[in-house]
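Raw contents of query.cif, mmCIF, C-alpha atoms and all ligand atoms:
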```cif
data_protein
#
loop_
_atom_site.label_atom_id
_atom_site.label_comp_id
_atom_site.auth_asym_id
_atom_site.auth_seq_id
_atom_site.Cartn_x
_atom_site.Cartn_y
_atom_site.Cartn_z
CA MET A 1 -19.62 8.83 7.23
CA SER A 2 -20.61 8.93 3.61
CA ALA A 3 -24.01 7.95 2.39
CA PRO A 4 -24.12 4.38 1.12
CA ALA A 5 -23.76 4.00 -2.61
CA PRO A 6 -26.69 2.64 -4.60
CA GLY A 7 -26.54 -1.06 -5.31
CA PRO A 8 -26.74 -4.30 -3.41
CA ARG A 9 -24.96 -4.67 -0.10
CA ALA A 10 -22.27 -7.17 -0.76
CA THR A 11 -20.50 -7.72 2.55
CA GLY A 12 -19.82 -11.39 3.07
CA VAL A 13 -20.62 -12.29 -0.53
CA PRO A 14 -17.77 -13.94 -2.47
CA HIS A 15 -16.06 -11.44 -4.75
CA THR A 16 -17.20 -12.99 -8.00
CA ASP A 17 -20.83 -12.89 -6.92
CA ARG A 18 -20.39 -9.31 -5.82
CA ARG A 19 -19.12 -8.39 -9.26
CA GLU A 20 -22.04 -10.09 -10.96
CA ALA A 21 -24.47 -8.41 -8.60
CA MET A 22 -22.99 -5.05 -9.56
CA ALA A 23 -23.24 -5.86 -13.25
CA THR A 24 -26.90 -6.74 -12.87
CA HIS A 25 -27.47 -3.53 -10.99
CA GLN A 26 -25.83 -1.51 -13.77
CA GLN A 27 -28.08 -3.06 -16.38
CA ALA A 28 -31.15 -2.45 -14.26
CA ARG A 29 -30.30 1.22 -13.75
CA GLN A 30 -32.96 3.74 -14.74
CA PRO A 31 -31.99 6.22 -17.45
CA ASP A 32 -33.44 9.08 -15.38
CA THR A 33 -31.56 11.21 -12.85
CA GLU A 34 -34.33 11.38 -10.25
CA ASP A 35 -32.83 8.57 -8.18
CA GLY A 36 -30.29 10.79 -6.45
CA ALA A 37 -26.96 10.21 -8.23
CA LYS A 38 -24.62 13.11 -7.48
CA LEU A 39 -22.69 12.51 -10.66
CA ARG A 40 -24.22 10.74 -13.63
CA VAL A 41 -22.26 9.77 -16.71
CA GLU A 42 -24.15 8.32 -19.65
CA SER A 43 -22.49 6.86 -22.74
CA ALA A 44 -19.60 9.32 -22.42
CA ARG A 45 -17.28 9.33 -25.37
CA VAL A 46 -14.14 11.39 -25.97
CA THR A 47 -12.25 11.59 -29.25
CA TYR A 48 -9.02 13.57 -29.60
CA ARG A 49 -8.80 15.05 -33.06
CA SER A 50 -5.50 16.00 -34.61
CA ARG A 51 -3.92 16.22 -38.03
CA ALA A 52 -2.19 12.90 -37.40
CA GLY A 53 -5.57 11.23 -36.91
CA ASN A 54 -8.31 10.80 -34.38
CA VAL A 55 -7.80 8.98 -31.12
CA LEU A 56 -10.83 7.51 -29.46
CA ALA A 57 -9.89 7.69 -25.75
CA VAL A 58 -13.19 7.04 -23.97
CA ASP A 59 -15.88 4.92 -25.52
CA GLY A 60 -19.32 4.81 -24.01
CA ILE A 61 -18.84 5.00 -20.25
CA ASP A 62 -21.85 4.81 -17.95
CA LEU A 63 -21.16 5.61 -14.33
CA ASP A 64 -23.25 6.86 -11.43
CA VAL A 65 -21.59 8.19 -8.31
CA ALA A 66 -23.75 8.69 -5.23
CA ASP A 67 -23.50 11.72 -2.98
CA GLY A 68 -20.63 11.13 -0.56
CA GLU A 69 -19.38 8.06 -2.36
CA PHE A 70 -15.68 7.40 -2.95
CA VAL A 71 -15.11 5.74 -6.32
CA ALA A 72 -11.68 4.64 -7.50
CA ILE A 73 -10.94 4.07 -11.18
CA VAL A 74 -8.17 1.69 -12.16
CA GLY A 75 -6.98 0.60 -15.57
CA PRO A 76 -3.89 0.10 -17.68
CA SER A 77 -1.65 3.02 -18.54
CA GLY A 78 -2.93 5.00 -21.53
CA SER A 79 -6.43 3.61 -21.15
CA GLY A 80 -8.17 6.98 -20.93
CA LYS A 81 -8.45 7.46 -17.15
CA SER A 82 -7.07 11.01 -17.12
CA THR A 83 -9.15 11.89 -20.14
CA PHE A 84 -12.27 10.65 -18.40
CA LEU A 85 -11.46 12.60 -15.23
CA MET A 86 -10.83 15.78 -17.23
CA ALA A 87 -14.17 15.25 -18.96
CA LEU A 88 -15.81 15.07 -15.53
CA ASP A 89 -14.31 18.44 -14.75
CA GLY A 90 -15.38 19.83 -18.12
CA LEU A 91 -11.77 20.39 -19.25
CA VAL A 92 -12.17 18.00 -22.19
CA PRO A 93 -15.34 18.08 -24.31
CA LEU A 94 -17.40 14.96 -24.90
CA SER A 95 -17.90 13.77 -28.44
CA GLY A 96 -20.92 11.79 -27.32
CA GLY A 97 -23.08 11.08 -24.30
CA ARG A 98 -23.49 13.33 -21.28
CA ILE A 99 -22.28 14.11 -17.80
CA ARG A 100 -24.47 15.68 -15.16
CA VAL A 101 -23.96 16.86 -11.60
CA ASP A 102 -27.19 16.99 -9.61
CA GLY A 103 -28.98 16.74 -12.95
CA ARG A 104 -27.19 19.76 -14.44
CA PRO A 105 -25.06 19.19 -17.56
CA VAL A 106 -21.29 19.60 -17.17
CA ASP A 107 -19.63 21.42 -20.05
CA ARG A 108 -16.92 23.41 -18.28
CA PRO A 109 -15.11 23.50 -14.94
CA GLY A 110 -17.21 24.86 -12.09
CA PRO A 111 -16.94 25.51 -8.36
CA ASP A 112 -18.90 22.33 -7.60
CA ARG A 113 -15.88 20.28 -8.78
CA ALA A 114 -12.14 20.48 -8.15
CA VAL A 115 -9.28 18.49 -9.66
CA VAL A 116 -6.07 17.39 -7.98
CA PHE A 117 -3.39 16.34 -10.45
CA GLN A 118 -0.24 14.34 -9.82
CA ASP A 119 1.94 17.44 -10.07
CA ALA A 120 1.12 20.04 -7.50
CA CYS A 121 1.62 23.02 -9.89
CA LEU A 122 1.79 25.55 -7.06
CA LEU A 123 2.61 29.16 -7.76
CA PRO A 124 6.28 29.38 -6.71
CA TRP A 125 6.18 33.10 -5.85
CA ARG A 126 3.29 32.71 -3.45
CA THR A 127 3.48 31.40 0.09
CA VAL A 128 1.68 28.22 1.06
CA ILE A 129 -1.28 30.10 2.53
CA ASP A 130 -1.55 32.40 -0.49
CA ASN A 131 -1.47 29.39 -2.82
CA VAL A 132 -4.38 27.87 -0.93
CA ALA A 133 -6.23 31.18 -0.88
CA TYR A 134 -5.68 31.86 -4.59
CA GLY A 135 -8.95 30.36 -5.81
CA LEU A 136 -10.89 32.32 -3.22
CA GLU A 137 -9.14 35.46 -4.36
CA LEU A 138 -10.26 34.78 -7.93
CA ALA A 139 -13.77 34.20 -6.61
CA GLY A 140 -13.68 37.66 -5.02
CA ALA A 141 -13.48 36.74 -1.33
CA GLY A 142 -11.98 39.37 0.99
CA ARG A 143 -8.45 38.93 2.30
CA LYS A 144 -9.48 38.20 5.87
CA GLU A 145 -11.97 35.54 4.80
CA ARG A 146 -9.46 33.99 2.38
CA LEU A 147 -6.81 33.66 5.01
CA ARG A 148 -9.25 32.30 7.56
CA VAL A 149 -10.43 29.55 5.20
CA ALA A 150 -6.90 28.77 3.98
CA ALA A 151 -5.51 28.53 7.52
CA ARG A 152 -8.27 26.11 8.49
CA LEU A 153 -7.59 23.90 5.46
CA LEU A 154 -3.86 23.91 6.12
CA ALA A 155 -4.52 22.75 9.67
CA LEU A 156 -6.83 20.04 8.30
CA THR A 157 -4.17 18.80 5.88
CA GLY A 158 -1.48 18.76 8.56
CA LEU A 159 0.35 21.87 7.41
CA GLY A 160 -0.30 24.17 10.35
CA GLY A 161 2.89 26.17 10.92
CA PHE A 162 3.94 26.18 7.25
CA GLU A 163 1.66 29.00 6.13
CA GLY A 164 4.52 31.37 5.31
CA PHE A 165 6.74 28.86 3.50
CA TYR A 166 7.27 28.90 -0.25
CA PRO A 167 6.61 25.78 -2.41
CA ASP A 168 10.30 25.10 -3.06
CA GLN A 169 10.86 24.85 0.68
CA LEU A 170 8.46 21.90 0.92
CA SER A 171 8.82 18.16 0.38
CA GLY A 172 6.79 16.42 -2.33
CA GLY A 173 4.25 15.17 0.20
CA MET A 174 3.81 18.64 1.69
CA LYS A 175 3.34 20.18 -1.75
CA GLN A 176 0.65 17.66 -2.50
CA ARG A 177 -1.06 18.51 0.82
CA VAL A 178 -1.07 22.17 -0.24
CA ASN A 179 -2.51 21.09 -3.57
CA ILE A 180 -5.34 19.23 -1.84
CA ALA A 181 -5.98 22.15 0.51
CA ARG A 182 -6.12 24.41 -2.52
CA ALA A 183 -8.65 22.15 -4.22
CA LEU A 184 -10.79 22.19 -1.08
CA ALA A 185 -10.69 25.97 -0.69
CA ALA A 186 -13.66 26.68 -2.95
CA ASP A 187 -15.58 23.98 -1.03
CA PRO A 188 -16.33 21.81 -4.07
CA GLN A 189 -18.86 19.02 -3.67
CA ILE A 190 -16.91 16.67 -5.90
CA LEU A 191 -13.18 16.01 -5.69
CA LEU A 192 -11.57 14.60 -8.82
CA LEU A 193 -8.12 13.17 -8.15
CA ASP A 194 -5.73 11.97 -10.85
CA GLU A 195 -2.99 9.78 -9.36
CA PRO A 196 -2.31 12.46 -6.77
CA PHE A 197 0.13 10.36 -4.74
CA SER A 198 1.99 8.49 -7.44
CA GLY A 199 5.01 10.82 -7.27
CA LEU A 200 5.46 10.19 -3.54
CA ASP A 201 7.54 7.59 -1.73
CA ALA A 202 5.65 4.64 -0.27
CA GLN A 203 5.61 5.91 3.30
CA THR A 204 4.44 9.42 2.42
CA ARG A 205 1.85 7.98 0.09
CA GLU A 206 0.44 5.89 2.90
CA SER A 207 0.10 8.81 5.27
CA MET A 208 -1.46 10.90 2.49
CA GLN A 209 -4.02 8.17 1.85
CA ALA A 210 -5.03 8.16 5.50
CA GLU A 211 -5.11 11.97 5.47
CA LEU A 212 -7.31 12.05 2.37
CA LEU A 213 -9.83 9.67 3.95
CA LYS A 214 -9.98 11.88 7.02
CA ILE A 215 -10.63 14.95 4.89
CA TRP A 216 -13.16 13.21 2.67
CA ASP A 217 -15.04 12.04 5.75
CA ALA A 218 -14.78 15.33 7.66
CA ARG A 219 -15.86 17.45 4.68
CA LYS A 220 -18.47 15.04 3.27
CA LYS A 221 -17.14 15.10 -0.28
CA THR A 222 -17.92 12.90 -3.24
CA ALA A 223 -14.65 11.60 -4.67
CA VAL A 224 -13.53 10.10 -7.97
CA PHE A 225 -9.94 8.92 -7.62
CA VAL A 226 -7.89 7.65 -10.55
CA THR A 227 -4.94 5.43 -9.78
CA HIS A 228 -3.02 2.60 -11.38
CA GLN A 229 -2.25 1.24 -7.90
CA ILE A 230 -4.82 -1.31 -7.00
CA ASP A 231 -3.93 -1.51 -3.29
CA GLU A 232 -4.56 2.22 -3.06
CA ALA A 233 -7.91 1.91 -4.83
CA VAL A 234 -9.11 -0.85 -2.51
CA TYR A 235 -7.95 0.90 0.64
CA LEU A 236 -9.58 4.22 -0.23
CA ALA A 237 -12.75 3.47 -2.12
CA ASP A 238 -16.33 2.37 -1.55
CA ARG A 239 -16.27 1.04 -5.08
CA VAL A 240 -13.53 0.22 -7.56
CA VAL A 241 -14.24 0.56 -11.28
CA ALA A 242 -11.88 -1.08 -13.78
CA PHE A 243 -11.41 0.44 -17.22
CA SER A 244 -10.40 -1.49 -20.31
CA ALA A 245 -7.35 -0.59 -22.36
CA ARG A 246 -7.98 2.37 -24.66
CA PRO A 247 -10.60 3.25 -25.60
CA ALA A 248 -11.76 3.20 -22.00
CA ARG A 249 -14.87 1.24 -21.18
CA VAL A 250 -16.02 -0.08 -17.83
CA VAL A 251 -15.05 -3.74 -17.72
CA SER A 252 -15.90 -4.53 -14.12
CA GLN A 253 -16.63 -3.03 -10.73
CA TRP A 254 -16.43 -4.16 -7.14
CA ARG A 255 -18.00 -2.84 -3.97
CA VAL A 256 -15.36 -2.66 -1.25
CA PRO A 257 -16.93 -4.15 1.88
CA PHE A 258 -14.50 -2.92 4.57
CA PRO A 259 -16.04 -0.71 7.26
CA ARG A 260 -14.70 2.76 8.02
CA PRO A 261 -12.64 4.19 9.51
CA ARG A 262 -10.10 1.86 7.91
CA PRO A 263 -6.85 1.34 9.80
CA LEU A 264 -3.71 1.16 7.66
CA GLU A 265 -3.17 -2.42 8.87
CA LEU A 266 -6.25 -3.39 6.86
CA LYS A 267 -4.03 -3.37 3.76
CA HIS A 268 -2.13 -6.37 5.06
CA SER A 269 -5.22 -8.44 5.73
CA ARG A 270 -6.09 -11.48 3.70
CA GLU A 271 -9.43 -10.00 2.56
CA HIS A 272 -7.79 -6.82 1.29
CA ARG A 273 -5.11 -8.72 -0.59
CA ASP A 274 -7.60 -11.14 -2.10
CA LEU A 275 -9.70 -8.30 -3.46
CA GLU A 276 -6.58 -6.58 -4.84
CA GLU A 277 -5.57 -9.79 -6.55
CA GLU A 278 -8.99 -10.25 -8.11
CA ILE A 279 -9.01 -6.70 -9.50
CA TRP A 280 -5.43 -7.00 -10.67
CA GLU A 281 -6.29 -10.08 -12.71
CA VAL A 282 -9.00 -8.17 -14.54
CA VAL A 283 -6.76 -5.13 -15.17
CA ARG A 284 -3.85 -7.29 -16.30
CA ALA A 285 -6.08 -9.02 -18.86
CA GLN A 286 -6.74 -5.70 -20.62
CA ARG A 287 -4.80 -5.36 -23.83
CA ALA A 288 -4.60 -2.28 -26.01
CA PRO A 289 -5.96 -2.92 -29.48
CA ASP A 290 -3.56 -1.62 -32.15
CA GLU A 291 -5.82 0.93 -33.64
CA VAL A 292 -6.22 4.61 -34.25
CA ARG A 293 -9.71 5.61 -35.18
N1 LIG A 301 -4.28 15.80 -26.17
C1 LIG A 301 -4.28 14.57 -26.72
N2 LIG A 301 -4.32 14.39 -28.05
C2 LIG A 301 -4.33 13.17 -28.61
N3 LIG A 301 -4.32 12.03 -27.90
C3 LIG A 301 -4.28 12.13 -26.56
C4 LIG A 301 -4.26 13.39 -25.89
N4 LIG A 301 -4.22 13.17 -24.55
C5 LIG A 301 -4.22 11.84 -24.40
N5 LIG A 301 -4.26 11.22 -25.60
C6 LIG A 301 -4.30 9.76 -25.83
O1 LIG A 301 -5.48 9.25 -25.23
C7 LIG A 301 -5.23 8.01 -24.62
C8 LIG A 301 -5.64 8.05 -23.16
O2 LIG A 301 -4.77 8.92 -22.45
P1 LIG A 301 -4.95 9.20 -20.91
O3 LIG A 301 -6.34 9.60 -20.66
O4 LIG A 301 -3.88 10.12 -20.49
O5 LIG A 301 -4.69 7.73 -20.29
P2 LIG A 301 -4.36 7.28 -18.79
O6 LIG A 301 -4.61 8.44 -17.89
O7 LIG A 301 -5.28 6.12 -18.54
O8 LIG A 301 -2.93 6.83 -18.77
C9 LIG A 301 -3.75 7.71 -24.82
O9 LIG A 301 -3.64 6.84 -25.91
C10 LIG A 301 -3.16 9.05 -25.14
O10 LIG A 301 -2.04 8.93 -25.97
MG MG A 302 -3.31 9.42 -16.56
#
```
Could I get this file's structure written as structure tokens?
Amino acid sequence: MSAPAPGPRATGVPHTDRREAMATHQQARQPDTEDGAKLRVESARVTYRSRAGNVLAVDGIDLDVADGEFVAIVGPSGSGKSTFLMALDGLVPLSGGRIRVDGRPVDRPGPDRAVVFQDACLLPWRTVIDNVAYGLELAGAGRKERLRVAARLLALTGLGGFEGFYPDQLSGGMKQRVNIARALAADPQILLLDEPFSGLDAQTRESMQAELLKIWDARKKTAVFVTHQIDEAVYLADRVVAFSARPARVVSQWRVPFPRPRPLELKHSREHRDLEEEIWEVVRAQRAPDEVR
């Protein structure tokens, strides 16, 4: 199991109170990193600059993620979720604030983090196992070691037996499993996932969600998962963070009280649906201001 996230235990507390408790906790947070946050984001700001004008995409986000915590980020389309996730990986520079992992500043991608995007982007001329092993190859691992690690990850993601297949021989769900295995190959501490299952049909998505939780638990990862599907966020996460419309700010967050492991039937429970509904109301209320700064 993952380590509990910082903040008040909220099980049994009505949702609204839980949200207020979280808000109070956020305000009370110490500005220092010595309290054990794995990932600490302070006043992060991202501005895209182009000849057509500047677009402020992320505006002053504070977020701490504890070691082993699973945080889901939800928000309206175009709010800046992908931008924020890319900033966490160091793919997009900050125009203000800072991001640290274990106290170290993030300014570029590193082996402590891995991103999984919606599109699998596998190398079509490489077999499944060689796609998974690719990152290890770049890191200089020997062939035997690469294949050993890749085979283990393929077994973990339910792809044992498909090692020699090529990407175009796989279904969408299988490609995304390869993509996740590939992200895990360098053994990152933090997994950053950007709507990884949104291209999949409902049934495949559900089995991938269950699979991801198994992997996250088995490999003791810290996860930040962006999705616009609130049911998915509630089912997967320890905590759900809602972003405003662009520029992204944190408007609210909820601790998800359901114990783990979580059976898929949990999604149909009253408590799960009530929490989804409460989050949905907050997300729906977000309106994009008509502005380009
Ligand atoms: N490379 C870019 N240059 C300029 N604006 C961008 C760029 N990428 C994204 N944006 C803008 O930033 C905002 C946030 O985009 P994005 O992070 O993709 O949102 P989300 O993932 O929440 O849908 C959008 O208004 C988008 O048009
Ligand atoms: Mg996006």
Using only C-alpha atoms, which residues sit within 9 Å of Ile279 (chain A) once same-chain residues fewer than 2 positions away are excluded, as a PDB file with C-alpha atoms, in the coordinates of the input?
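Output (selection23.pdb):
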```
ATOM      1  CA  VAL A  74      -8.170   1.690 -12.160  1.00  0.00           C
ATOM      2  CA  ILE A 230      -4.820  -1.310  -7.000  1.00  0.00           C
ATOM      3  CA  VAL A 240     -13.530   0.220  -7.560  1.00  0.00           C
ATOM      4  CA  ALA A 242     -11.880  -1.080 -13.780  1.00  0.00           C
ATOM      5  CA  SER A 252     -15.900  -4.530 -14.120  1.00  0.00           C
ATOM      6  CA  GLN A 253     -16.630  -3.030 -10.730  1.00  0.00           C
ATOM      7  CA  TRP A 254     -16.430  -4.160  -7.140  1.00  0.00           C
ATOM      8  CA  ASP A 274      -7.600 -11.140  -2.100  1.00  0.00           C
ATOM      9  CA  LEU A 275      -9.700  -8.300  -3.460  1.00  0.00           C
ATOM     10  CA  GLU A 276      -6.580  -6.580  -4.840  1.00  0.00           C
ATOM     11  CA  GLU A 277      -5.570  -9.790  -6.550  1.00  0.00           C
ATOM     12  CA  GLU A 281      -6.290 -10.080 -12.710  1.00  0.00           C
ATOM     13  CA  VAL A 282      -9.000  -8.170 -14.540  1.00  0.00           C
ATOM     14  CA  VAL A 283      -6.760  -5.130 -15.170  1.00  0.00           C
ATOM     15  CA  ARG A 284      -3.850  -7.290 -16.300  1.00  0.00           C
TER      16      ARG A 284
END
```
Considering all atoms listed in the file, give me a table of residues in chain A that are at most 12 Å from ligand LIG 301 (chain A), with the closest atom pair and distance in Å for each, as CSV.
```
residue,atom,partner,partner_atom,distance
A:Arg45,CA,A:LIG301,O1,11.8
A:Val46,CA,A:LIG301,O1,9.0
A:Thr47,CA,A:LIG301,N3,8.1
A:Tyr48,CA,A:LIG301,C2,4.8
A:Arg49,CA,A:LIG301,C2,6.6
A:Ser50,CA,A:LIG301,C2,6.7
A:Arg51,CA,A:LIG301,C2,9.9
A:Ala52,CA,A:LIG301,C2,9.1
A:Gly53,CA,A:LIG301,C2,8.6
A:Asn54,CA,A:LIG301,C2,7.4
A:Val55,CA,A:LIG301,N3,5.6
A:Leu56,CA,A:LIG301,O1,7.0
A:Ala57,CA,A:LIG301,O1,4.7
A:Val58,CA,A:LIG301,C8,7.7
A:Asp59,CA,A:LIG301,C8,11.0
A:Ile73,CA,A:LIG301,O7,9.5
A:Val74,CA,A:LIG301,O7,8.3
A:Gly75,CA,A:LIG301,O7,6.5
A:Pro76,CA,A:LIG301,O7,6.2
A:Ser77,CA,A:LIG301,O8,4.0
A:Gly78,CA,A:LIG301,O8,3.3
A:Ser79,CA,A:LIG301,O7,3.8
A:Gly80,CA,A:LIG301,O3,3.2
A:Lys81,CA,A:LIG301,O7,3.7
A:Ser82,CA,A:LIG301,O6,3.6
A:Thr83,CA,A:LIG301,O3,3.7
A:Phe84,CA,A:LIG301,O3,6.4
A:Leu85,CA,A:LIG301,O3,8.0
A:Met86,CA,A:LIG301,O3,8.4
A:Ala87,CA,A:LIG301,O3,9.8
A:Leu91,CA,A:LIG301,N1,11.2
A:Val92,CA,A:LIG301,N1,9.1
A:Pro93,CA,A:LIG301,N1,11.4
A:Phe117,CA,A:LIG301,O6,10.9
A:Gln118,CA,A:LIG301,O6,10.9
A:Leu193,CA,A:LIG301,O6,11.4
A:Asp194,CA,A:LIG301,O6,8.0
A:Glu195,CA,A:LIG301,O6,8.8
A:Phe225,CA,A:LIG301,O6,11.6
A:Val226,CA,A:LIG301,O6,8.1
A:Thr227,CA,A:LIG301,O6,8.7
A:His228,CA,A:LIG301,O7,8.3
A:Ala242,CA,A:LIG301,O7,10.9
A:Phe243,CA,A:LIG301,O7,8.5
A:Ser244,CA,A:LIG301,O7,9.3
A:Ala245,CA,A:LIG301,O7,8.0
A:Arg246,CA,A:LIG301,C7,6.3
A:Pro247,CA,A:LIG301,C7,7.2
A:Ala248,CA,A:LIG301,C8,7.9
A:Arg249,CA,A:LIG301,O7,11.1
A:Val283,CA,A:LIG301,O7,11.8
A:Ala288,CA,A:LIG301,O9,9.2
A:Pro289,CA,A:LIG301,O9,10.6
A:Asp290,CA,A:LIG301,O9,10.5
A:Glu291,CA,A:LIG301,O9,10.0
A:Val292,CA,A:LIG301,O9,9.0
A:Arg293,CA,A:LIG301,N3,11.1
```
Have a look at A:Glu69, A:Gln229, A:Leu138, A:Leu122 and name the one nearest to ligand MG 302 (chain A); count only C-alpha atoms and all ligand atoms.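 Selected residue with least distance to ligand MG 302 (chain A): A:Gln229.
Nearest to Ile99 (chain A) of all the residues A:Arg287, A:Lys38, A:Lys175, A:Arg126 is A:Lys38, counting only C-alpha atoms.
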Here is a test: counting only C-alpha atoms, which residue of A:Val115, A:Cys121, A:Val251, A:Ala223 is nearest to Ala185 (chain A)?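 Result for the nearest residue to Ala185 (chain A): A:Val115.
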Which residues are close to Arg260 (chain A), i.e. within 12 Å by only C-alpha atoms, leaving aside same-chain residues fewer than 2 positions away? Reply as a PyMOL selection string. chain A and resi 1-2+4+70+210+213-214+216-217+235-238+256-258+262-264+266
Identify which of the residues A:Pro196, A:Asp64, A:Ser43, A:Gln209 lies closest to ligand MG 302 (chain A), counting only C-alpha atoms and all ligand atoms when measuring atom-to-atom distances.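 The answer is A:Pro196, which sits nearest to ligand MG 302 (chain A).
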Residue nearest Val178 (chain A) - candidates A:Leu136, A:Leu63, A:Leu154, A:Val250, atoms counted: all atoms listed in the file: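 Ranked by minimum distance to Val178 (chain A), first place goes to A:Leu154.
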Would you mind listing what lies within 12 Å of Glu211 (chain A) as JSON, numbers by chain, with only C-alpha atoms counted and same-chain residues fewer than 3 positions away left out? {"A": [155, 156, 157, 158, 159, 173, 174, 176, 177, 180, 181, 197, 204, 205, 206, 207, 208, 214, 215, 216, 217, 218, 236, 261, 262, 263, 264]}
Of A:Gly161, A:Ile61, A:Ser198, A:Arg273, the one sitting nearest ligand MG 302 (chain A) when using all atoms listed in the file is A:Ser198
For CA of Arg113 (chain A) and CA of Trp125 (chain A), quote the distance in Å rounded to one decimal.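 Calculated distance between CA of Arg113 (chain A) and CA of Trp125 (chain A) is 25.7 Å.
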Figure out the distance between CA of Pro188 (chain A) and CA of Tyr134 (chain A), please, to one decimal in Å. 14.7 Å
Using CA of Phe165 (chain A) and CA of Pro111 (chain A) as the two end points, give the distance in Å to one decimal.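 CA of Pro111 (chain A) lies 26.7 Å from CA of Phe165 (chain A).
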Spatial neighbours of Ala183 (chain A), 7 Å, all atoms listed in the file, chain gap at least 4 places, as a ChimeraX atom specification: /A:114-116,179
As a tab-separated table (two decimals), keeping the file's coordinate frame, please: region 241-259 of chain A completed to N, CA and C atoms.
```tsv
chain	number	residue	atom	x	y	z
A	241	VAL	N	-13.77	0.75	-9.90
A	241	VAL	CA	-14.24	0.56	-11.28
A	241	VAL	C	-13.02	0.31	-12.15
A	242	ALA	N	-13.02	-0.79	-12.90
A	242	ALA	CA	-11.88	-1.08	-13.78
A	242	ALA	C	-12.21	-0.68	-15.21
A	243	PHE	N	-11.28	0.07	-15.82
A	243	PHE	CA	-11.41	0.44	-17.22
A	243	PHE	C	-10.65	-0.56	-18.09
A	244	SER	N	-11.11	-0.69	-19.31
A	244	SER	CA	-10.40	-1.49	-20.31
A	244	SER	C	-9.19	-0.70	-20.80
A	245	ALA	N	-8.36	-1.34	-21.61
A	245	ALA	CA	-7.35	-0.59	-22.36
A	245	ALA	C	-8.08	0.37	-23.29
A	246	ARG	N	-7.36	1.39	-23.78
A	246	ARG	CA	-7.98	2.37	-24.66
A	246	ARG	C	-8.67	1.70	-25.85
A	247	PRO	N	-9.82	2.18	-26.24
A	247	PRO	CA	-10.60	3.25	-25.60
A	247	PRO	C	-11.26	2.74	-24.31
A	248	ALA	N	-11.28	3.62	-23.31
A	248	ALA	CA	-11.76	3.20	-22.00
A	248	ALA	C	-13.24	2.85	-22.02
A	249	ARG	N	-13.49	1.67	-21.48
A	249	ARG	CA	-14.87	1.24	-21.18
A	249	ARG	C	-14.83	0.65	-19.78
A	250	VAL	N	-15.98	0.57	-19.14
A	250	VAL	CA	-16.02	-0.08	-17.83
A	250	VAL	C	-16.04	-1.58	-18.07
A	251	VAL	N	-15.03	-2.28	-17.55
A	251	VAL	CA	-15.05	-3.74	-17.72
A	251	VAL	C	-15.60	-4.46	-16.50
A	252	SER	N	-15.44	-3.86	-15.33
A	252	SER	CA	-15.90	-4.53	-14.12
A	252	SER	C	-15.93	-3.54	-12.97
A	253	GLN	N	-16.71	-3.84	-11.95
A	253	GLN	CA	-16.63	-3.03	-10.73
A	253	GLN	C	-16.90	-3.87	-9.50
A	254	TRP	N	-16.34	-3.42	-8.40
A	254	TRP	CA	-16.43	-4.16	-7.14
A	254	TRP	C	-16.81	-3.19	-6.02
A	255	ARG	N	-17.74	-3.61	-5.19
A	255	ARG	CA	-18.00	-2.84	-3.97
A	255	ARG	C	-16.98	-3.28	-2.93
A	256	VAL	N	-16.37	-2.34	-2.26
A	256	VAL	CA	-15.36	-2.66	-1.25
A	256	VAL	C	-16.08	-2.76	0.10
A	257	PRO	N	-16.06	-3.94	0.73
A	257	PRO	CA	-16.93	-4.15	1.88
A	257	PRO	C	-16.36	-3.68	3.23
A	258	PHE	N	-15.12	-3.19	3.27
A	258	PHE	CA	-14.50	-2.92	4.57
A	258	PHE	C	-15.11	-1.70	5.25
A	259	PRO	N	-15.44	-1.84	6.55
A	259	PRO	CA	-16.04	-0.71	7.26
A	259	PRO	C	-15.03	0.42	7.46
```
